[in-house]
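Below is one structure, written out as structure tokens, with a few remarks after it.
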Number of protein chains: 2
Amino acid sequence: MLRHSKQRESIRRYLDMHRTHPTAETVYLDLKQEFPNISLGTVYRNLNGLADSGEILRISSGDGPVRYDGNTSPHYHFTCTECGSLHDIAIAPQTQLNALANKHFEGTVTGHSTHFFGLCPKCKNNIL
Amino acid sequence: MLRHSKQRESIRRYLDMHRTHPTAETVYLDLKQEFPNISLGTVYRNLNGLADSGEILRISSGDGPVRYDGNTSPHYHFTCTECGSLHDIAIAPQTQLNALANKHFEGTVTGHSTHFFGLCPKCKNNIL
DNA sequence: GATATAAATAGTAATAGTTCTTATTTCTGT
DNA sequence: ACAGAAATAAGAACTATTACTATTTATATC
């Protein structure tokens, strides 16, 4: 039986208000203002629970810590190879990729995860 | 100045002969037959060096250890959500994704990494 | 071939990110 | 109010990887 907790509610609200793709560590440090005794384990447990139930997204660039996203509407992500910043890319789900992959694979492809790389707007202009 | 080493040569050869997408740990344990004193650090250093110079590929599914691939010809990868096995998917580079992403992003998208998920042939048949 | 030098190694410590364990606290149904 | 179950805080443990350092090894030059 799932029970209410102030901490989980606060984590959910944090992700809903901040569209900064924070790490567990960032959420933890920020929520310490509200809950001085909150523990990192609680943040991880709840972030992963929320992600498992589809209320938030887990973003992994393949490098560095996992980031979380309160925006569950379909979109993709981008990491700047220069400064490491993470951005949203508003393109529709590329479901044709799954279909294409299925044609070339004996198993069943049900999904994919695509992460883009390049230069963010800031770094694009700061190139010396 | 880059110098020859028996260990690096053996690691390169291992990746060239085994198309099993091994982890650094697996390469380490297997090469111990040939070099009983080889160290895990040496394996990591060389795998990463080879990947940086484009001689092998680094594969990250976003979960678990990095895997390495001696097959540098363009292809994609798939992880079975049931058993965790990793497979090749022989589809051509989807460069149009970068173009599409660029249209919806202020920065410059130069590449992407796509990883597929689903059921491998074995697990597809073993569903009880 | 001997030798100097810089690169690579083995062995191990250290780190980053995350999960696990346990005693305590807090929900919530009765 | 209270019992039982779920969630928590605190910290230990774990996994994957990188860093450090003394020693070994490759290779350019003599």
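Residues are named by chain letter and number: chains run A, B, ... in the order of the structure tokens, numbers start at 1 in each chain, and ligands are numbered from 1 in the order shown.
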
Item to check | Counting only C-alpha atoms (C1' of nucleotides), chain C residues within 9 Å of chain B, as a PyMOL selection string | outcome: chain C and resi 6-11

Superimpose chain B on chain A so that the squared distances between all in-order C-alpha pairs are minimised, and send the result as a compact mmCIF listing (two decimals) with C-alpha atoms, in the first residue's frame.
# COMPACT_ATOMS: atom_id res chain seq x y z
CA MET B 1 0.05 0.06 0.20
CA LEU B 2 1.49 3.38 -0.92
CA ARG B 3 1.49 6.01 1.77
CA HIS B 4 1.74 9.74 1.60
CA SER B 5 4.96 11.42 2.66
CA LYS B 6 5.84 15.09 2.82
CA GLN B 7 9.22 14.34 1.30
CA ARG B 8 7.84 12.56 -1.77
CA GLU B 9 5.28 15.31 -2.28
CA SER B 10 8.01 17.92 -2.11
CA ILE B 11 10.23 16.03 -4.55
CA ARG B 12 7.34 15.69 -6.99
CA ARG B 13 6.58 19.41 -6.67
CA TYR B 14 10.26 20.30 -7.11
CA LEU B 15 10.47 18.37 -10.40
CA ASP B 16 7.23 19.93 -11.52
CA MET B 17 8.46 23.46 -10.88
CA HIS B 18 12.09 23.17 -11.97
CA ARG B 19 12.66 22.23 -15.60
CA THR B 20 16.42 22.15 -15.08
CA HIS B 21 16.90 18.34 -15.34
CA PRO B 22 18.45 18.16 -11.87
CA THR B 23 20.51 15.30 -10.51
CA ALA B 24 19.47 13.52 -7.30
CA GLU B 25 22.25 15.43 -5.54
CA THR B 26 20.84 18.79 -6.68
CA VAL B 27 17.31 17.90 -5.57
CA TYR B 28 18.74 16.73 -2.25
CA LEU B 29 20.70 19.92 -1.60
CA ASP B 30 17.79 22.17 -2.58
CA LEU B 31 15.21 20.31 -0.52
CA LYS B 32 17.44 20.62 2.53
CA GLN B 33 16.08 24.17 2.85
CA GLU B 34 12.64 22.70 3.49
CA PHE B 35 13.70 19.45 5.20
CA PRO B 36 17.07 19.95 6.92
CA ASN B 37 17.20 16.23 7.79
CA ILE B 38 16.18 14.79 4.43
CA SER B 39 18.52 12.03 3.36
CA LEU B 40 20.01 11.38 -0.06
CA GLY B 41 18.64 7.84 0.06
CA THR B 42 15.11 9.19 0.40
CA VAL B 43 15.64 11.41 -2.62
CA TYR B 44 16.94 8.51 -4.73
CA ARG B 45 14.19 6.16 -3.58
CA ASN B 46 11.46 8.64 -4.42
CA LEU B 47 12.94 9.83 -7.72
CA ASN B 48 13.24 6.24 -8.86
CA GLY B 49 9.74 5.43 -7.65
CA LEU B 50 8.29 8.42 -9.48
CA ALA B 51 10.23 7.46 -12.62
CA ASP B 52 9.05 3.85 -12.41
CA SER B 53 5.44 4.98 -12.14
CA GLY B 54 5.89 7.32 -15.11
CA GLU B 55 5.40 10.56 -13.18
CA ILE B 56 8.87 11.82 -14.08
CA LEU B 57 11.58 10.83 -16.57
CA ARG B 58 15.02 9.41 -15.98
CA ILE B 59 17.62 10.88 -18.37
CA SER B 60 20.98 9.23 -18.92
CA SER B 61 23.50 10.71 -21.32
CA GLY B 62 25.85 7.78 -20.84
CA ASP B 63 28.21 9.96 -18.83
CA GLY B 64 27.88 11.44 -15.37
CA PRO B 65 24.96 11.12 -12.98
CA VAL B 66 21.38 10.39 -14.00
CA ARG B 67 19.19 13.46 -14.40
CA TYR B 68 15.47 13.67 -13.78
CA ASP B 69 12.80 15.51 -15.74
CA GLY B 70 9.36 16.50 -14.52
CA ASN B 71 8.23 17.08 -18.09
CA THR B 72 6.79 13.77 -19.21
CA SER B 73 5.46 14.97 -22.54
CA PRO B 74 7.33 13.34 -25.43
CA HIS B 75 10.59 15.10 -26.23
CA TYR B 76 14.30 14.37 -26.59
CA HIS B 77 17.44 15.56 -24.85
CA PHE B 78 20.75 17.11 -25.81
CA THR B 79 24.07 17.35 -23.98
CA CYS B 80 26.63 20.01 -24.88
CA THR B 81 30.01 18.38 -25.45
CA GLU B 82 31.71 21.61 -24.38
CA CYS B 83 30.03 22.56 -21.09
CA GLY B 84 27.95 19.47 -20.29
CA SER B 85 24.66 21.37 -20.09
CA LEU B 86 21.47 19.45 -20.83
CA HIS B 87 18.67 20.82 -23.01
CA ASP B 88 15.28 19.76 -24.30
CA ILE B 89 14.76 19.14 -27.98
CA ALA B 90 11.11 19.37 -28.96
CA ILE B 91 10.77 16.69 -31.60
CA ALA B 92 8.01 14.11 -31.74
CA PRO B 93 8.63 10.47 -30.80
CA GLN B 94 10.49 8.79 -33.67
CA THR B 95 8.51 5.57 -33.57
CA GLN B 96 9.56 4.73 -37.12
CA LEU B 97 13.00 3.99 -35.66
CA ASN B 98 11.54 1.08 -33.72
CA ALA B 99 9.84 -0.20 -36.86
CA LEU B 100 13.06 0.12 -38.83
CA ALA B 101 15.06 -1.63 -36.11
CA ASN B 102 12.49 -4.45 -35.97
CA LYS B 103 13.00 -5.12 -39.67
CA HIS B 104 16.67 -5.78 -39.02
CA PHE B 105 16.38 -7.76 -35.80
CA GLU B 106 15.08 -11.22 -34.90
CA GLY B 107 13.75 -10.14 -31.51
CA THR B 108 11.10 -7.53 -30.73
CA VAL B 109 12.12 -3.88 -30.50
CA THR B 110 9.65 -2.01 -28.31
CA GLY B 111 11.44 1.26 -27.72
CA HIS B 112 14.57 3.34 -28.01
CA SER B 113 16.41 6.07 -26.23
CA THR B 114 18.07 8.78 -28.30
CA HIS B 115 20.36 11.42 -26.89
CA PHE B 116 21.76 14.25 -29.01
CA PHE B 117 25.20 15.86 -28.76
CA GLY B 118 26.83 19.05 -30.05
CA LEU B 119 27.28 22.65 -29.00
CA CYS B 120 24.70 24.47 -26.92
CA PRO B 121 23.70 28.03 -27.99
CA LYS B 122 26.07 29.56 -25.46
CA CYS B 123 29.14 27.47 -26.36
CA LYS B 124 28.37 27.84 -30.06
CA ASN B 125 28.96 31.59 -29.69
CA ASN B 126 31.80 31.40 -27.20
CA ILE B 127 34.16 29.51 -29.49
CA LEU B 128 37.39 31.47 -29.47

Item to check | Selection near DT29 (chain D), 12 Å with only C-alpha atoms (C1' of nucleotides), sequence-local residues under 3 positions removed, as a list in words | outcome: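 In the requested format, the answer is DA2, DT3, DA4 and DT5 of chain C.
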
Next on the checklist: So that I can check the surroundings of region 13-20 of chain D, please list as a list in words every protein, DNA and RNA residue that reaches within 8 Å of it, counting only C-alpha atoms (C1' of nucleotides) and ignoring chain neighbours fewer than 6 positions away.
Outcome noted: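 Using only C-alpha atoms (C1' of nucleotides), the neighbours found are Pro65 of chain B; DA13, DA14, DT15, DT19 and DC20 of chain C.
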
Next on the checklist: Quick one: residues within 12 Å of DT22 (chain C), only C-alpha atoms (C1' of nucleotides), excluding same-chain residues fewer than 2 positions away - as a VMD selection string?
Outcome noted: (chain C and resid 20 24) or (chain D and resid 8 to 12)

Let's have the selection written as a compact mmCIF listing (two decimals), in the first residue's frame, with C-alpha atoms (C1' of nucleotides).
# COMPACT_ATOMS: atom_id res chain seq x y z
C1' DC C 20 21.16 -1.35 0.83
C1' DT C 24 13.13 4.91 14.29
C1' DT D 8 12.36 7.85 6.78
C1' DA D 9 17.38 9.29 8.34
C1' DA D 10 21.83 7.93 8.83
C1' DG D 11 25.35 5.67 7.37
C1' DA D 12 27.49 1.34 5.56

Checklist entry - Got a sec to tell me which of chain A DSSP assigns to alpha helix (DSSP H), as a ChimeraX atom specification? => result /A:6-17,24-31,40-52,95-103,121-125

Checklist entry - So how far away is C1' of DA5 (chain D) from C1' of DT18 (chain C), in Å? => result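 Calculated distance between C1' of DT18 (chain C) and C1' of DA5 (chain D) is 25.9 Å.
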
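Residues of region 57-116 of chain B that DSSP, applied to the backbone, places in strand (DSSP E or B): B:Leu57, B:Arg58, B:Ile59, B:Arg67, B:Tyr68, B:Asp69, B:Tyr76, B:His77, B:Phe78, B:Thr79, B:Cys80, B:Leu86, B:His87, B:Asp88, B:Ile89, B:Thr108, B:Val109, B:Thr110, B:Gly111, B:His112, B:Ser113, B:Thr114, B:His115, B:Phe116.
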